[in-house]
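Source file: target-v7.cif. Holds: mmCIF, C-alpha atoms and all ligand atoms.
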data_model
loop_
_atom_site.label_atom_id
_atom_site.label_comp_id
_atom_site.auth_asym_id
_atom_site.auth_seq_id
_atom_site.Cartn_x
_atom_site.Cartn_y
_atom_site.Cartn_z
CA MET F 1 -119.18 14.95 265.19
CA LYS F 2 -117.12 15.17 262.00
CA GLN F 3 -116.11 18.75 261.28
CA VAL F 4 -115.35 20.40 257.98
CA LEU F 5 -114.31 23.91 257.08
CA ILE F 6 -115.71 25.76 254.07
CA SER F 7 -114.89 29.18 252.71
CA ASN F 8 -115.51 31.13 249.53
CA ASP F 9 -115.17 34.44 247.78
CA HIS F 10 -117.95 36.33 246.01
CA GLY F 11 -117.65 34.07 242.95
CA ALA F 12 -119.04 31.04 244.72
CA THR F 13 -121.77 31.97 247.21
CA VAL F 14 -124.42 29.82 245.52
CA LEU F 15 -122.05 26.86 245.18
CA LYS F 16 -121.03 27.27 248.82
CA ARG F 17 -124.65 26.98 250.00
CA ARG F 18 -125.15 23.91 247.84
CA ILE F 19 -122.05 22.10 249.08
CA LYS F 20 -122.67 23.15 252.67
CA THR F 21 -126.19 21.71 252.54
CA HIS F 22 -124.80 18.48 251.15
CA LEU F 23 -122.09 18.21 253.78
CA GLU F 24 -124.62 18.79 256.55
CA ALA F 25 -126.85 16.10 255.06
CA ARG F 26 -123.84 13.78 255.25
CA GLY F 27 -123.52 14.48 258.96
CA TYR F 28 -120.75 17.05 259.00
CA GLN F 29 -120.69 20.05 261.26
CA VAL F 30 -119.71 22.80 258.82
CA LYS F 31 -117.71 25.85 259.89
CA ASP F 32 -118.47 28.49 257.27
CA LEU F 33 -115.92 31.29 257.01
CA GLY F 34 -116.96 32.45 253.56
CA VAL F 35 -118.81 35.51 252.31
CA GLN F 36 -122.59 35.26 252.05
CA ASP F 37 -123.16 37.79 249.27
CA GLU F 38 -121.52 39.15 246.14
CA SER F 39 -119.49 41.89 247.87
CA SER F 40 -116.01 41.59 246.39
CA VAL F 41 -113.24 40.06 248.49
CA ASP F 42 -109.77 38.80 247.59
CA TYR F 43 -109.35 35.03 247.32
CA PRO F 44 -105.79 35.00 248.80
CA ASP F 45 -107.22 36.51 252.00
CA VAL F 46 -110.03 33.95 252.05
CA ALA F 47 -107.55 31.09 251.64
CA ASP F 48 -105.15 32.43 254.27
CA GLN F 49 -107.94 32.79 256.83
CA ALA F 50 -109.27 29.29 256.10
CA VAL F 51 -105.84 27.68 256.37
CA ALA F 52 -105.16 29.45 259.67
CA GLU F 53 -108.45 28.08 261.04
CA PHE F 54 -107.75 24.59 259.67
CA LYS F 55 -104.36 24.50 261.35
CA LYS F 56 -106.00 24.98 264.74
CA GLY F 57 -107.06 21.35 264.28
CA GLY F 58 -110.22 19.31 264.53
CA TYR F 59 -111.24 19.48 260.89
CA ASP F 60 -111.46 16.43 258.63
CA PHE F 61 -110.79 18.56 255.57
CA GLY F 62 -111.47 21.95 254.04
CA VAL F 63 -113.43 23.16 251.02
CA LEU F 64 -112.35 26.34 249.22
CA LEU F 65 -114.41 28.00 246.52
CA CYS F 66 -113.88 30.93 244.20
CA GLY F 67 -115.06 31.67 240.66
CA THR F 68 -112.86 28.99 239.13
CA GLY F 69 -111.32 27.31 242.15
CA ILE F 70 -107.95 28.15 240.63
CA GLY F 71 -106.90 31.25 242.55
CA ILE F 72 -108.00 29.98 245.91
CA SER F 73 -106.30 26.60 245.44
CA ILE F 74 -103.05 28.32 244.42
CA ALA F 75 -103.27 30.51 247.51
CA ALA F 76 -103.97 27.58 249.84
CA ASN F 77 -101.09 25.53 248.43
CA ARG F 78 -98.61 28.26 249.35
CA HIS F 79 -99.01 27.11 252.97
CA GLY F 80 -96.89 24.31 254.40
CA GLY F 81 -98.80 21.10 255.04
CA ILE F 82 -101.70 22.05 252.79
CA ARG F 83 -102.49 19.85 249.81
CA CYS F 84 -105.41 21.51 248.08
CA ALA F 85 -106.77 19.62 245.06
CA LEU F 86 -108.53 21.59 242.36
CA LEU F 87 -111.34 19.26 241.32
CA TYR F 88 -113.16 18.96 238.03
CA ASP F 89 -114.68 15.49 238.24
CA SER F 90 -115.21 12.52 240.55
CA PHE F 91 -112.22 10.63 239.14
CA GLY F 92 -109.86 13.42 240.11
CA ALA F 93 -111.64 13.79 243.43
CA LYS F 94 -111.12 10.11 244.27
CA MET F 95 -107.49 10.18 243.17
CA SER F 96 -106.77 13.34 245.14
CA LYS F 97 -107.51 11.39 248.33
CA GLU F 98 -106.14 7.97 247.30
CA HIS F 99 -102.82 9.21 245.94
CA ASN F 100 -102.29 12.73 247.23
CA ASP F 101 -104.04 12.65 250.60
CA ALA F 102 -105.48 16.07 249.81
CA ASN F 103 -106.61 17.90 252.93
CA PHE F 104 -108.42 20.66 251.02
CA ILE F 105 -110.53 20.53 247.89
CA ALA F 106 -111.30 23.48 245.64
CA LEU F 107 -114.12 24.04 243.18
CA GLY F 108 -115.41 26.98 241.16
CA GLY F 109 -118.76 28.71 241.36
CA ARG F 110 -118.55 29.81 237.73
CA VAL F 111 -117.48 26.43 236.37
CA HIS F 112 -119.85 24.20 234.42
CA TYR F 113 -119.28 20.71 235.80
CA HIS F 114 -120.34 17.64 233.86
CA GLU F 115 -121.30 15.85 237.05
CA ALA F 116 -123.23 16.98 240.10
CA VAL F 117 -120.82 18.74 242.45
CA GLU F 118 -122.26 16.62 245.26
CA ASP F 119 -120.97 13.51 243.46
CA ILE F 120 -117.55 15.09 243.04
CA VAL F 121 -117.40 15.96 246.74
CA ASP F 122 -118.63 12.48 247.69
CA ALA F 123 -115.95 10.82 245.57
CA TYR F 124 -113.33 12.66 247.63
CA ILE F 125 -114.99 11.97 250.98
CA ASP F 126 -115.58 8.29 250.32
CA ALA F 127 -112.06 7.56 249.08
CA GLU F 128 -109.20 6.59 251.38
CA PHE F 129 -105.52 7.43 251.18
CA GLU F 130 -103.69 4.34 249.92
CA GLY F 131 -100.39 5.06 251.66
CA GLY F 132 -97.42 2.93 250.55
CA ARG F 133 -95.54 4.49 247.64
CA HIS F 134 -97.96 7.39 247.73
CA GLU F 135 -96.98 8.14 251.32
CA ARG F 136 -93.35 8.43 250.26
CA ARG F 137 -94.32 10.93 247.59
CA VAL F 138 -96.59 12.93 249.86
CA ASP F 139 -93.79 13.01 252.45
CA LYS F 140 -91.57 14.63 249.83
CA LEU F 141 -94.01 17.53 249.67
CA LYS F 142 -93.40 18.34 253.33
C1 LIG F 201 -113.04 36.87 241.28
O1 LIG F 201 -113.58 37.70 240.30
C2 LIG F 201 -112.31 35.70 240.64
O2 LIG F 201 -111.13 36.13 240.06
C3 LIG F 201 -112.04 34.63 241.67
O3 LIG F 201 -113.25 34.20 242.21
C4 LIG F 201 -111.36 33.38 241.17
O4 LIG F 201 -112.00 32.86 240.05
C5 LIG F 201 -109.91 33.47 240.97
O5 LIG F 201 -109.23 32.46 240.66
#

Show me the file's structure as structure tokens.
Amino acid sequence: MKQVLISNDHGATVLKRRIKTHLEARGYQVKDLGVQDESSVDYPDVADQAVAEFKKGGYDFGVLLCGTGIGISIAANRHGGIRCALLYDSFGAKMSKEHNDANFIALGGRVHYHEAVEDIVDAYIDAEFEGGRHERRVDKLK
């Protein structure tokens, strides 16, 4: 079964449940490391824990959520081998896979998106890394 990792701080509990439900409907087994209520936690700790779990292997990709998606994506991208794309729309979501081979996506629970977040997530999932010149560029990130 395809496996995905999801985690969140207190700014994205509702969004987490929504995305998790969608991923499960798409056939993913979802490992949820995030908080389930509004008790305050620190997004760098959430990102560090999620990356450590991801690096154990077996996950197709990871989803990180905080109030804006900004802090948690910054924190995730401090780790070697992690390419976390902060998404705002399905175009960026598609490109983050096709050109950047993103292995994490980040969204914000307090952000007003102009598309359904499920569509944004789907655009990432359904895209494929194009390789070629993009592989050379991604390699330079390593
Ligand atoms: C928490 O209040 C908030 O700062 C966090 O969820 C996130 O938006 C940071 O980037």

message: What residues of the protein or nucleic acid chains come within 6 Å of ligand LIG 201 (chain F) when you use only C-alpha atoms and all ligand atoms? Reply as a list of chain:residue names.
response: F:Asp9, F:Gly11, F:Cys66, F:Gly67, F:Thr68, F:Gly69, F:Ile70, F:Gly71, F:Ile72

Expressed in Å, the length from CA of Gly108 in chain F to CA of Ala75 in chain F is 14.1 Å

Exercise for review: Select, from F:Asp101, F:Asp89, F:Asp48, F:Glu24, the residue with the minimum atom-to-atom distance to Ser73 in chain F, counting only C-alpha atoms.
Suggested key: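 Checking each of F:Asp101, F:Asp89, F:Asp48, F:Glu24 against Ser73 in chain F, counting only C-alpha atoms, the winner is F:Asp48.
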
**Prompt:** Pick from F:His22, F:Arg78, F:His134, F:His99: nearest to Ile120 in chain F, with all atoms listed in the file counted?
**Reply:**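 Closest to Ile120 in chain F, using all atoms listed in the file: F:His22.
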
Residue with the minimum atom-to-atom distance to Gly109 in chain F, picked from F:Tyr88, F:Phe61, F:Ala50, F:Gln29 with only C-alpha atoms counted, is F:Tyr88

note - CA of Asn8 in chain F and CA of Asn103 in chain F are separated by 16.3 Å

*asked:* Which residues are near range 12-16 of chain F? Cut-off 9 Å, only C-alpha atoms, ignore same chain within fewer than 5 positions. Put them as a list in words.
replied: Ile6, Ser7, Thr21, Asp32, Gly34, Val35, Gln36, Asp37, Glu38, Val63, Leu64, Leu65, Cys66, Gly67, Thr68, Gly69, Leu107, Gly108, Gly109, Arg110 and Val117 of chain F

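Minimum atom-to-atom distances from F:Phe54, F:Gln3, F:Ile19, F:Leu86 to Asp122 in chain F were compared using all atoms listed in the file, and the lowest value belongs to F:Ile19.
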
Using only C-alpha atoms, which of the listed residues (F:Phe129, F:Tyr124, F:Tyr113, F:Phe104) sits closest to Ala47 in chain F?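 Using only C-alpha atoms, the shortest distance to Ala47 in chain F belongs to F:Phe104.
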
Task: Atom-to-atom span, CA of Glu118 in chain F and CA of Glu135 in chain F, Å - done: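 Separation of CA of Glu118 in chain F and CA of Glu135 in chain F: 27.3 Å.
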
Item to check | Non-local contacts of Ala102 in chain F (8 Å; only C-alpha atoms; under 3 positions in same chain excluded) as a ChimeraX atom specification | outcome: /F:82-85,96-97,105

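The list of residues with at least one atom within 12 Å of Gly132 in chain F, based on only C-alpha atoms and without residues fewer than 4 positions apart in the same chain, reads Glu98, His99, Asn100, Asp101, Arg136, Arg137, Val138 and Asp139 of chain F.
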